[in-house]
file input-v5.cif (mmCIF, C-alpha atoms (C1' of nucleotides))
data_final
#
loop_
_atom_site.label_atom_id
_atom_site.label_comp_id
_atom_site.auth_asym_id
_atom_site.auth_seq_id
_atom_site.Cartn_x
_atom_site.Cartn_y
_atom_site.Cartn_z
CA MET A 1 28.65 9.45 5.43
CA VAL A 2 28.15 6.15 7.17
CA LYS A 3 30.42 3.19 6.54
CA LEU A 4 28.47 0.03 5.78
CA ASP A 5 29.48 -3.45 4.67
CA PRO A 6 27.79 -4.71 1.52
CA PRO A 7 25.59 -7.07 3.58
CA GLN A 8 24.60 -4.17 5.77
CA ARG A 9 23.70 -2.14 2.72
CA GLU A 10 21.61 -5.01 1.47
CA TRP A 11 19.84 -5.19 4.79
CA VAL A 12 18.97 -1.51 4.64
CA GLU A 13 17.54 -2.10 1.20
CA ALA A 14 15.58 -5.16 2.36
CA MET A 15 14.20 -3.26 5.31
CA GLY A 16 13.34 -0.45 2.94
CA LEU A 17 11.33 -2.71 0.68
CA PHE A 18 9.62 -4.21 3.69
CA LEU A 19 8.60 -0.86 5.10
CA GLU A 20 7.41 0.27 1.69
CA ARG A 21 5.01 -2.62 1.70
CA SER A 22 3.64 -1.34 4.98
CA GLY A 23 2.93 2.04 3.49
CA PHE A 24 6.11 4.08 3.88
CA PRO A 25 7.37 6.07 0.92
CA PRO A 26 10.72 4.82 -0.38
CA SER A 27 12.81 7.61 1.07
CA SER A 28 11.34 7.24 4.57
CA ALA A 29 11.81 3.51 4.42
CA ARG A 30 15.53 3.72 3.54
CA ILE A 31 16.17 6.40 6.12
CA TYR A 32 14.60 4.33 8.84
CA GLY A 33 16.49 1.24 7.76
CA LEU A 34 19.78 3.10 7.80
CA LEU A 35 19.12 4.55 11.24
CA LEU A 36 18.54 1.03 12.50
CA MET A 37 21.65 -0.44 10.92
CA SER A 38 24.12 2.33 11.58
CA ALA A 39 26.62 1.72 14.36
CA GLU A 40 26.07 5.31 15.45
CA PRO A 41 22.75 5.76 17.26
CA GLU A 42 22.04 9.07 15.54
CA LEU A 43 22.89 10.47 12.14
CA SER A 44 22.94 13.93 10.65
CA PHE A 45 20.96 15.09 7.64
CA GLU A 46 24.16 15.13 5.64
CA ASP A 47 24.95 11.55 6.68
CA LEU A 48 21.62 10.44 5.31
CA VAL A 49 22.03 12.32 2.05
CA ALA A 50 25.55 11.10 1.45
CA THR A 51 24.99 7.50 2.45
CA LEU A 52 21.65 6.86 0.82
CA GLY A 53 22.28 8.79 -2.38
CA PHE A 54 18.94 10.59 -2.19
CA GLY A 55 18.69 14.29 -2.85
CA LYS A 56 18.24 16.71 0.02
CA ALA A 57 14.61 17.20 -0.91
CA ALA A 58 13.81 13.52 -0.65
CA VAL A 59 15.56 13.21 2.70
CA SER A 60 13.78 16.27 4.02
CA THR A 61 10.30 15.04 3.19
CA GLY A 62 11.16 11.47 4.13
CA LEU A 63 12.24 12.62 7.58
CA ARG A 64 9.16 14.74 7.98
CA ARG A 65 6.90 11.76 7.45
CA LEU A 66 8.86 9.66 9.88
CA GLN A 67 8.62 12.33 12.52
CA GLU A 68 4.92 12.91 11.93
CA THR A 69 4.31 9.25 12.68
CA ASN A 70 6.61 9.26 15.68
CA ARG A 71 9.08 6.88 14.13
CA VAL A 72 12.09 9.16 14.38
CA SER A 73 13.18 11.71 16.93
CA GLU A 74 15.50 14.63 16.43
CA ARG A 75 17.85 16.56 18.68
CA THR A 76 20.68 19.03 18.44
CA ARG A 77 24.01 19.03 20.17
CA PRO A 78 25.18 22.03 22.17
CA GLY A 79 27.06 24.46 19.98
CA GLU A 80 26.09 22.69 16.75
CA ARG A 81 23.48 23.82 14.33
CA ARG A 82 23.15 20.43 12.70
CA ARG A 83 20.31 18.20 13.77
CA TYR A 84 20.74 14.54 14.58
CA PHE A 85 18.09 11.92 13.94
CA ARG A 86 17.46 8.69 15.78
CA ALA A 87 15.09 5.78 15.13
CA ARG A 88 12.37 5.23 17.71
CA LEU A 89 11.27 1.63 18.05
CA GLY A 90 7.82 1.61 19.54
CA PRO A 91 7.57 -2.06 20.50
CA ASP A 92 4.05 -2.55 19.24
CA ALA A 93 3.18 0.07 16.66
CA GLY A 94 2.27 -2.78 14.34
CA VAL A 95 -0.21 -4.21 16.80
CA ASP A 96 -1.84 -0.85 17.35
CA ARG A 97 -2.29 -0.36 13.63
CA PHE A 98 -3.63 -3.87 13.30
CA ARG A 99 -6.15 -3.29 16.05
CA ALA A 100 -7.25 0.03 14.60
CA PHE A 101 -7.65 -1.59 11.23
CA ASN A 102 -9.67 -4.45 12.63
CA SER A 103 -11.82 -2.17 14.64
CA ALA A 104 -12.68 -0.06 11.61
CA LEU A 105 -13.34 -3.17 9.57
CA CYS A 106 -15.61 -4.54 12.23
CA ASP A 107 -17.67 -1.35 12.31
CA LEU A 108 -17.94 -1.47 8.56
CA LEU A 109 -19.04 -5.10 8.58
CA GLU A 110 -21.73 -4.44 11.15
CA LYS A 111 -23.02 -1.50 9.22
CA GLY A 112 -23.08 -3.73 6.17
CA ILE A 113 -25.02 -6.44 7.95
CA ALA A 114 -27.62 -3.90 8.96
CA LEU A 115 -27.86 -2.52 5.42
CA ARG A 116 -28.29 -5.95 3.89
CA GLY A 117 -31.53 -6.41 5.76
CA SER A 118 -33.49 -9.57 6.19
CA ARG A 119 -34.34 -10.22 2.56
CA ALA A 120 -30.72 -10.74 1.58
CA ASP A 121 -29.06 -14.12 1.30
CA ALA A 122 -28.69 -15.60 4.75
CA GLU A 123 -25.44 -17.42 4.22
CA ILE A 124 -23.44 -14.34 3.30
CA THR A 125 -25.00 -12.48 6.19
CA ALA A 126 -24.04 -15.27 8.55
CA ASP A 127 -20.46 -15.18 7.24
CA LEU A 128 -20.32 -11.47 7.82
CA GLU A 129 -21.62 -11.91 11.34
CA ALA A 130 -19.06 -14.59 12.07
CA SER A 131 -16.30 -12.32 10.82
CA ALA A 132 -17.50 -9.45 12.96
CA ARG A 133 -17.69 -11.66 16.05
CA PHE A 134 -14.19 -12.93 15.44
CA LEU A 135 -12.84 -9.42 15.05
CA ARG A 136 -14.36 -8.36 18.34
CA PHE A 137 -12.90 -11.39 20.05
CA LEU A 138 -9.53 -10.63 18.54
CA ASP A 139 -9.59 -7.04 19.69
CA VAL A 140 -10.28 -7.99 23.28
CA GLU A 141 -7.67 -10.72 23.29
CA LEU A 142 -4.98 -8.56 21.75
CA ASP A 143 -5.49 -6.04 24.48
CA GLY A 144 -5.05 -8.80 27.03
CA LEU A 145 -1.95 -10.00 25.26
CA ARG A 146 -0.30 -6.66 25.43
CA ALA A 147 -1.11 -6.32 29.10
CA ARG A 148 0.39 -9.73 29.71
CA TRP A 149 3.56 -8.80 27.86
CA GLU A 150 3.97 -5.56 29.69
CA ALA A 151 3.38 -7.23 33.04
CA ASN A 152 6.20 -9.66 32.34
CA GLY A 153 8.58 -6.79 31.97
CA ASP A 154 10.48 -8.41 29.14
CA GLY A 155 9.71 -5.60 26.76
CA MET B 1 -27.54 -5.14 -12.84
CA VAL B 2 -28.00 -5.15 -9.09
CA LYS B 3 -30.50 -2.91 -7.38
CA LEU B 4 -28.99 -0.99 -4.48
CA ASP B 5 -30.26 1.75 -2.18
CA PRO B 6 -28.13 4.85 -2.02
CA PRO B 7 -26.87 3.89 1.46
CA GLN B 8 -25.95 0.48 0.15
CA ARG B 9 -24.05 2.07 -2.73
CA GLU B 10 -22.23 4.25 -0.26
CA TRP B 11 -21.33 1.22 1.78
CA VAL B 12 -19.87 -0.51 -1.26
CA GLU B 13 -17.80 2.59 -1.88
CA ALA B 14 -16.68 2.78 1.76
CA MET B 15 -15.72 -0.85 1.73
CA GLY B 16 -13.90 -0.23 -1.52
CA LEU B 17 -11.81 2.55 -0.02
CA PHE B 18 -11.10 0.42 3.00
CA LEU B 19 -9.89 -2.51 0.93
CA GLU B 20 -7.80 -0.22 -1.22
CA ARG B 21 -5.96 0.82 1.89
CA SER B 22 -5.20 -2.83 2.52
CA GLY B 23 -3.61 -3.18 -0.88
CA PHE B 24 -6.41 -4.12 -3.27
CA PRO B 25 -6.66 -2.28 -6.57
CA PRO B 26 -9.79 -0.15 -6.85
CA SER B 27 -11.65 -2.48 -9.17
CA SER B 28 -11.08 -5.53 -6.97
CA ALA B 29 -12.12 -3.58 -3.92
CA ARG B 30 -15.44 -2.44 -5.40
CA ILE B 31 -16.22 -5.90 -6.77
CA TYR B 32 -15.68 -7.48 -3.39
CA GLY B 33 -17.76 -4.83 -1.67
CA LEU B 34 -20.61 -5.33 -4.09
CA LEU B 35 -20.54 -9.10 -3.67
CA LEU B 36 -20.84 -8.61 0.07
CA MET B 37 -23.69 -6.13 -0.12
CA SER B 38 -25.78 -7.69 -2.87
CA ALA B 39 -28.91 -9.51 -1.75
CA GLU B 40 -28.05 -12.23 -4.23
CA PRO B 41 -25.20 -14.43 -3.01
CA GLU B 42 -23.59 -14.60 -6.43
CA LEU B 43 -23.39 -12.21 -9.34
CA SER B 44 -22.53 -12.55 -12.99
CA PHE B 45 -19.75 -10.75 -14.81
CA GLU B 46 -22.36 -8.62 -16.52
CA ASP B 47 -23.95 -7.71 -13.16
CA LEU B 48 -20.62 -6.42 -11.97
CA VAL B 49 -19.93 -4.42 -15.13
CA ALA B 50 -23.39 -2.87 -15.23
CA THR B 51 -23.64 -2.10 -11.53
CA LEU B 52 -20.18 -0.79 -10.86
CA GLY B 53 -19.71 1.14 -14.08
CA PHE B 54 -16.26 -0.30 -14.71
CA GLY B 55 -15.28 -1.54 -18.13
CA LYS B 56 -15.08 -5.25 -18.83
CA ALA B 57 -11.30 -5.12 -18.74
CA ALA B 58 -11.20 -3.70 -15.24
CA VAL B 59 -13.71 -6.23 -13.96
CA SER B 60 -11.82 -9.08 -15.57
CA THR B 61 -8.48 -8.21 -14.01
CA GLY B 62 -10.12 -7.20 -10.76
CA LEU B 63 -11.76 -10.61 -10.49
CA ARG B 64 -8.53 -12.38 -11.35
CA ARG B 65 -6.73 -10.78 -8.46
CA LEU B 66 -9.53 -11.65 -6.08
CA GLN B 67 -9.48 -15.25 -7.18
CA GLU B 68 -5.70 -15.49 -7.00
CA THR B 69 -5.87 -14.45 -3.37
CA ASN B 70 -8.76 -16.77 -2.65
CA ARG B 71 -11.17 -13.99 -1.90
CA VAL B 72 -13.75 -14.90 -4.51
CA SER B 73 -14.97 -18.22 -5.85
CA GLU B 74 -16.60 -18.87 -9.17
CA ARG B 75 -19.05 -21.46 -10.46
CA THR B 76 -21.32 -22.07 -13.40
CA ARG B 77 -24.93 -23.13 -13.44
CA PRO B 78 -26.03 -26.16 -15.43
CA GLY B 79 -26.96 -25.17 -18.96
CA GLU B 80 -25.52 -21.65 -18.60
CA ARG B 81 -22.25 -20.48 -19.97
CA ARG B 82 -22.13 -17.48 -17.75
CA ARG B 83 -20.04 -17.69 -14.61
CA TYR B 84 -21.21 -16.55 -11.22
CA PHE B 85 -18.96 -15.06 -8.60
CA ARG B 86 -19.28 -15.23 -4.84
CA ALA B 87 -17.35 -13.58 -2.02
CA ARG B 88 -15.42 -15.92 0.25
CA LEU B 89 -15.08 -14.68 3.80
CA GLY B 90 -12.15 -16.51 5.31
CA PRO B 91 -12.74 -15.68 8.98
CA ASP B 92 -9.12 -14.83 9.66
CA ALA B 93 -7.36 -13.97 6.43
CA GLY B 94 -6.36 -10.73 8.10
CA VAL B 95 -4.77 -12.54 11.01
CA ASP B 96 -2.83 -14.82 8.71
CA ARG B 97 -1.47 -11.92 6.80
CA PHE B 98 -0.62 -10.15 10.02
CA ARG B 99 1.24 -13.18 11.31
CA ALA B 100 3.11 -13.64 8.05
CA PHE B 101 4.06 -9.99 8.10
CA ASN B 102 5.27 -10.16 11.69
CA SER B 103 7.17 -13.31 11.08
CA ALA B 104 9.00 -11.80 8.12
CA LEU B 105 9.70 -8.66 10.11
CA CYS B 106 11.05 -10.69 12.99
CA ASP B 107 13.44 -12.56 10.71
CA LEU B 108 14.59 -9.28 9.27
CA LEU B 109 15.16 -7.77 12.70
CA GLU B 110 17.20 -10.73 13.86
CA LYS B 111 19.30 -10.63 10.75
CA GLY B 112 19.79 -6.94 11.40
CA ILE B 113 20.88 -7.53 14.96
CA ALA B 114 23.45 -10.02 13.79
CA LEU B 115 24.74 -7.63 11.11
CA ARG B 116 25.07 -4.75 13.54
CA GLY B 117 27.64 -6.71 15.49
CA SER B 118 29.01 -5.89 18.91
CA ARG B 119 30.65 -2.57 18.08
CA ALA B 120 27.36 -0.88 17.29
CA ASP B 121 25.40 1.25 19.70
CA ALA B 122 23.99 -1.02 22.41
CA GLU B 123 20.75 0.85 23.03
CA ILE B 124 19.48 0.51 19.48
CA THR B 125 20.49 -3.13 19.46
CA ALA B 126 18.61 -3.71 22.69
CA ASP B 127 15.52 -2.04 21.23
CA LEU B 128 15.73 -4.29 18.19
CA GLU B 129 16.03 -7.33 20.40
CA ALA B 130 13.05 -6.31 22.46
CA SER B 131 11.00 -5.87 19.30
CA ALA B 132 12.02 -9.27 18.01
CA ARG B 133 11.14 -10.95 21.30
CA PHE B 134 7.76 -9.30 21.31
CA LEU B 135 7.05 -10.40 17.77
CA ARG B 136 7.87 -14.00 18.64
CA PHE B 137 5.62 -13.85 21.66
CA LEU B 138 2.86 -12.39 19.54
CA ASP B 139 3.15 -15.09 16.92
CA VAL B 140 2.82 -17.87 19.46
CA GLU B 141 -0.07 -16.21 21.20
CA LEU B 142 -1.98 -15.49 18.02
CA ASP B 143 -1.78 -19.12 17.13
CA GLY B 144 -3.21 -19.99 20.52
CA LEU B 145 -5.93 -17.43 20.08
CA ARG B 146 -7.09 -18.92 16.84
CA ALA B 147 -7.12 -22.39 18.32
CA ARG B 148 -9.20 -21.10 21.20
CA TRP B 149 -11.67 -19.46 18.86
CA GLU B 150 -12.04 -22.53 16.72
CA ALA B 151 -12.49 -24.75 19.78
CA ASN B 152 -15.38 -22.58 20.91
CA GLY B 153 -17.16 -23.33 17.68
CA ASP B 154 -18.53 -19.81 17.37
CA GLY B 155 -16.75 -19.20 14.10
"C1'" DT C 1 -20.15 -22.85 -41.41
"C1'" DG C 2 -21.82 -17.95 -39.61
"C1'" DT C 3 -23.50 -15.55 -35.55
"C1'" DT C 4 -24.20 -14.47 -30.90
"C1'" DT C 5 -22.59 -14.56 -26.20
"C1'" DG C 6 -19.14 -14.29 -22.51
"C1'" DG C 7 -14.95 -12.94 -21.22
"C1'" DT C 8 -9.62 -11.94 -21.90
"C1'" DT C 9 -5.81 -9.36 -23.53
"C1'" DC C 10 -3.50 -5.36 -25.65
"C1'" DG C 11 -2.21 -0.42 -26.54
"C1'" DG C 12 -2.56 4.01 -25.26
"C1'" DA C 13 -4.15 7.71 -22.06
"C1'" DA C 14 -4.68 9.54 -17.48
"C1'" DC C 15 -3.34 9.81 -12.94
"C1'" DC C 16 -0.69 9.70 -8.62
"C1'" DA C 17 3.26 9.62 -5.93
"C1'" DT C 18 7.88 10.63 -5.54
"C1'" DA C 19 12.50 12.14 -6.97
"C1'" DC C 20 15.65 15.65 -8.58
"C1'" DG C 21 17.67 20.27 -9.18
"C1'" DA C 22 17.50 24.87 -8.20
"C1'" DA C 23 15.99 28.64 -5.85
"C1'" DC C 24 15.15 30.12 -1.37
"C1'" DA C 25 15.37 31.07 3.78
"C1'" DA C 26 17.47 31.27 8.24
"C1'" DA C 27 21.18 31.29 11.21
"C1'" DC C 28 25.80 31.81 12.19
"C1'" DT C 29 30.92 33.82 10.98
"C1'" DA C 30 34.14 36.76 9.42
"C1'" DT D 1 27.98 43.46 4.77
"C1'" DA D 2 29.41 39.26 2.42
"C1'" DG D 3 29.77 34.40 2.73
"C1'" DT D 4 28.98 29.59 4.66
"C1'" DT D 5 26.25 26.11 6.55
"C1'" DT D 6 21.88 23.72 7.12
"C1'" DG D 7 18.13 22.49 5.62
"C1'" DT D 8 13.08 23.56 3.11
"C1'" DT D 9 10.08 24.49 -0.73
"C1'" DC D 10 8.80 24.74 -5.63
"C1'" DG D 11 8.47 23.32 -10.45
"C1'" DT D 12 9.33 19.78 -13.47
"C1'" DA D 13 10.24 15.02 -14.83
"C1'" DT D 14 9.72 10.20 -14.36
"C1'" DG D 15 7.98 5.62 -13.01
"C1'" DG D 16 4.29 2.77 -11.98
"C1'" DT D 17 -0.60 1.63 -11.68
"C1'" DT D 18 -5.11 1.34 -13.49
"C1'" DC D 19 -8.49 2.45 -16.49
"C1'" DC D 20 -11.01 2.32 -21.05
"C1'" DG D 21 -12.05 0.90 -25.77
"C1'" DA D 22 -11.07 -2.22 -29.22
"C1'" DA D 23 -9.48 -6.23 -30.94
"C1'" DC D 24 -9.48 -10.80 -30.05
"C1'" DC D 25 -10.64 -15.73 -28.73
"C1'" DA D 26 -13.47 -19.72 -27.42
"C1'" DA D 27 -17.86 -21.91 -26.84
"C1'" DA D 28 -22.55 -22.61 -28.00
"C1'" DC D 29 -26.13 -22.39 -31.27
"C1'" DA D 30 -28.49 -21.67 -35.73
#
call {"tool": "encode", "arguments": {"input": "input-v5.cif", "output": "structure tokens"}}
result
Amino acid sequence: MVKLDPPQREWVEAMGLFLERSGFPPSSARIYGLLLMSAEPELSFEDLVATLGFGKAAVSTGLRRLQETNRVSERTRPGERRRYFRARLGPDAGVDRFRAFNSALCDLLEKGIALRGSRADAEITADLEASARFLRFLDVELDGLRARWEANGDG
Amino acid sequence: MVKLDPPQREWVEAMGLFLERSGFPPSSARIYGLLLMSAEPELSFEDLVATLGFGKAAVSTGLRRLQETNRVSERTRPGERRRYFRARLGPDAGVDRFRAFNSALCDLLEKGIALRGSRADAEITADLEASARFLRFLDVELDGLRARWEANGDG
DNA sequence: TGTTTGGTTCGGAACCATACGAACAAACTA
DNA sequence: TAGTTTGTTCGTATGGTTCCGAACCAAACA
């Protein structure tokens, strides 16, 4: 059981809602939020169950998803059977997903342009081409941005 | 009713699935895909119903959502009561959403850092701070990127 | 007026994801 | 062996979304 102020509890909830909007299931989202807010850097399964009020089943599957996507790591302590979970903050997971998304979209748009052919309305085709060009530009530039950030050593 | 090759139909479906993953309901996603693939730049309500196989209700609400989010525009032709719908390709709607998302996340992270206080584990706090710094950097740079693209006049 | 056309809204059905409780398994302990 | 701890898995229930058909409304036209 983790001790949390009411504002801290609210923050966990807010973070939970936010992560849900980015595709996490509710249980995963709350778990991750709690791991970020807790004063302790790692929490046990039982801590999560008791603090969040979810059943063991929900915590179990919620953790599994978080681990599958590399968002949470797990370790054991010598002499203890319990496992302890810790949030992993990849600095740019969001950017990677954004780039992957854009890249897929760009491929799709280009395939679409080809399928429309020359008899189709030219204005829509031109819009599609402009979008595709912009997405390519963006992909290249985002890569440069990340390199620049990493070179600065601030991250 | 719009005439489509089988590959074109498949593309509409692929685009539909893609847009669903970005949060559109299925009907909106298919409508938007069809508007992009159709040789005609604008389609009537009846075209959408007949081509997609959705009921009128689904098309109606699907269109509403697309219009609410500025993804589709509508106009009438002189002497016709029917309305015609056209896809709007904002070149960077995705970037705007991404920036809004990051900005909200950054606010949330900073609030979280403040709520954790000084007694909490320092490593997690440092990770949160690094993430927040990166998000700020990204926001500024994305703005610059867009300006650069618009200055080039390619979009 | 009455009728047709074009589209919206409502009620119920179907579907999907997720949560819970309970049964289960695996690893220690006594 | 019997019992405790630490989770996982399974079946069922529930909540939320979206669809369809039908009723409805508003505009144009006869």
call {"tool": "interface_residues", "arguments": {"input": "input-v5.cif", "of": "chain C", "to": "chain A", "cutoff": "8 Å", "atoms": "all atoms listed in the file", "output": "list in words"}}
result
DT18, DA19 and DC20 of chain C
call {"tool": "residues_around", "arguments": {"input": "input-v5.cif", "residues": "range 132-143 of chain B", "least_positions_apart": "4", "cutoff": "7 Å", "atoms": "all atoms listed in the file", "output": "list in words"}}
result
Gly155 of chain A; Arg99, Asn102, Cys106, Leu109, Glu110, Leu128 and Ala147 of chain B
call {"tool": "closest_atom_pairs", "arguments": {"input": "input-v5.cif", "of": "chain A", "to": "chain D", "cutoff": "12 Å", "atoms": "only C-alpha atoms (C1' of nucleotides)", "output": "CSV"}}
result
residue,atom,partner,partner_atom,distance
A:Ser44,CA,D:DT6,C1',10.5
A:Phe45,CA,D:DG7,C1',8.2
A:Glu46,CA,D:DT6,C1',9.0
A:Val49,CA,D:DG7,C1',11.5
A:Gly55,CA,D:DG7,C1',11.8
A:Lys56,CA,D:DG7,C1',8.0
A:Ala57,CA,D:DT8,C1',7.7
A:Ala58,CA,D:DT8,C1',10.7
A:Val59,CA,D:DG7,C1',10.1
A:Ser60,CA,D:DT8,C1',7.4
A:Thr61,CA,D:DT8,C1',9.0
A:Leu63,CA,D:DG7,C1',11.7
A:Arg64,CA,D:DT8,C1',10.8
A:Glu80,CA,D:DT6,C1',10.6
A:Arg81,CA,D:DT6,C1',7.4
A:Arg82,CA,D:DT6,C1',6.6
A:Arg83,CA,D:DT6,C1',8.8
A:Tyr84,CA,D:DT6,C1',11.9
call {"tool": "interface_residues", "arguments": {"input": "input-v5.cif", "of": "chain B", "to": "chain A", "cutoff": "8 Å", "atoms": "only C-alpha atoms", "output": "PyMOL selection string"}}
result
chain B and resi 7-8+11+15+18+36-41+89+91-92+98+105+108+112+115-116+119-121+123-124+127-128+130-131+133-134+138+141+145+149+154-155
call {"tool": "atom_distance", "arguments": {"input": "input-v5.cif", "atom1": "CA of Leu17 in chain A", "atom2": "CA of Gly62 in chain B"}}
result
24.7 Å
call {"tool": "atom_distance", "arguments": {"input": "input-v5.cif", "atom1": "C1' of DG6 in chain C", "atom2": "CA of Pro6 in chain B"}}
result
29.4 Å
call {"tool": "axis_aligned_box", "arguments": {"input": "input-v5.cif", "around": "range 93-104 of chain B", "padding_each_side": "8 Å", "output": "lines of an AutoDock Vina configuration file"}}
result
center_x = 0.8
center_y = -12.4
center_z = 9.1
size_x = 32.4
size_y = 20.8
size_z = 21.3
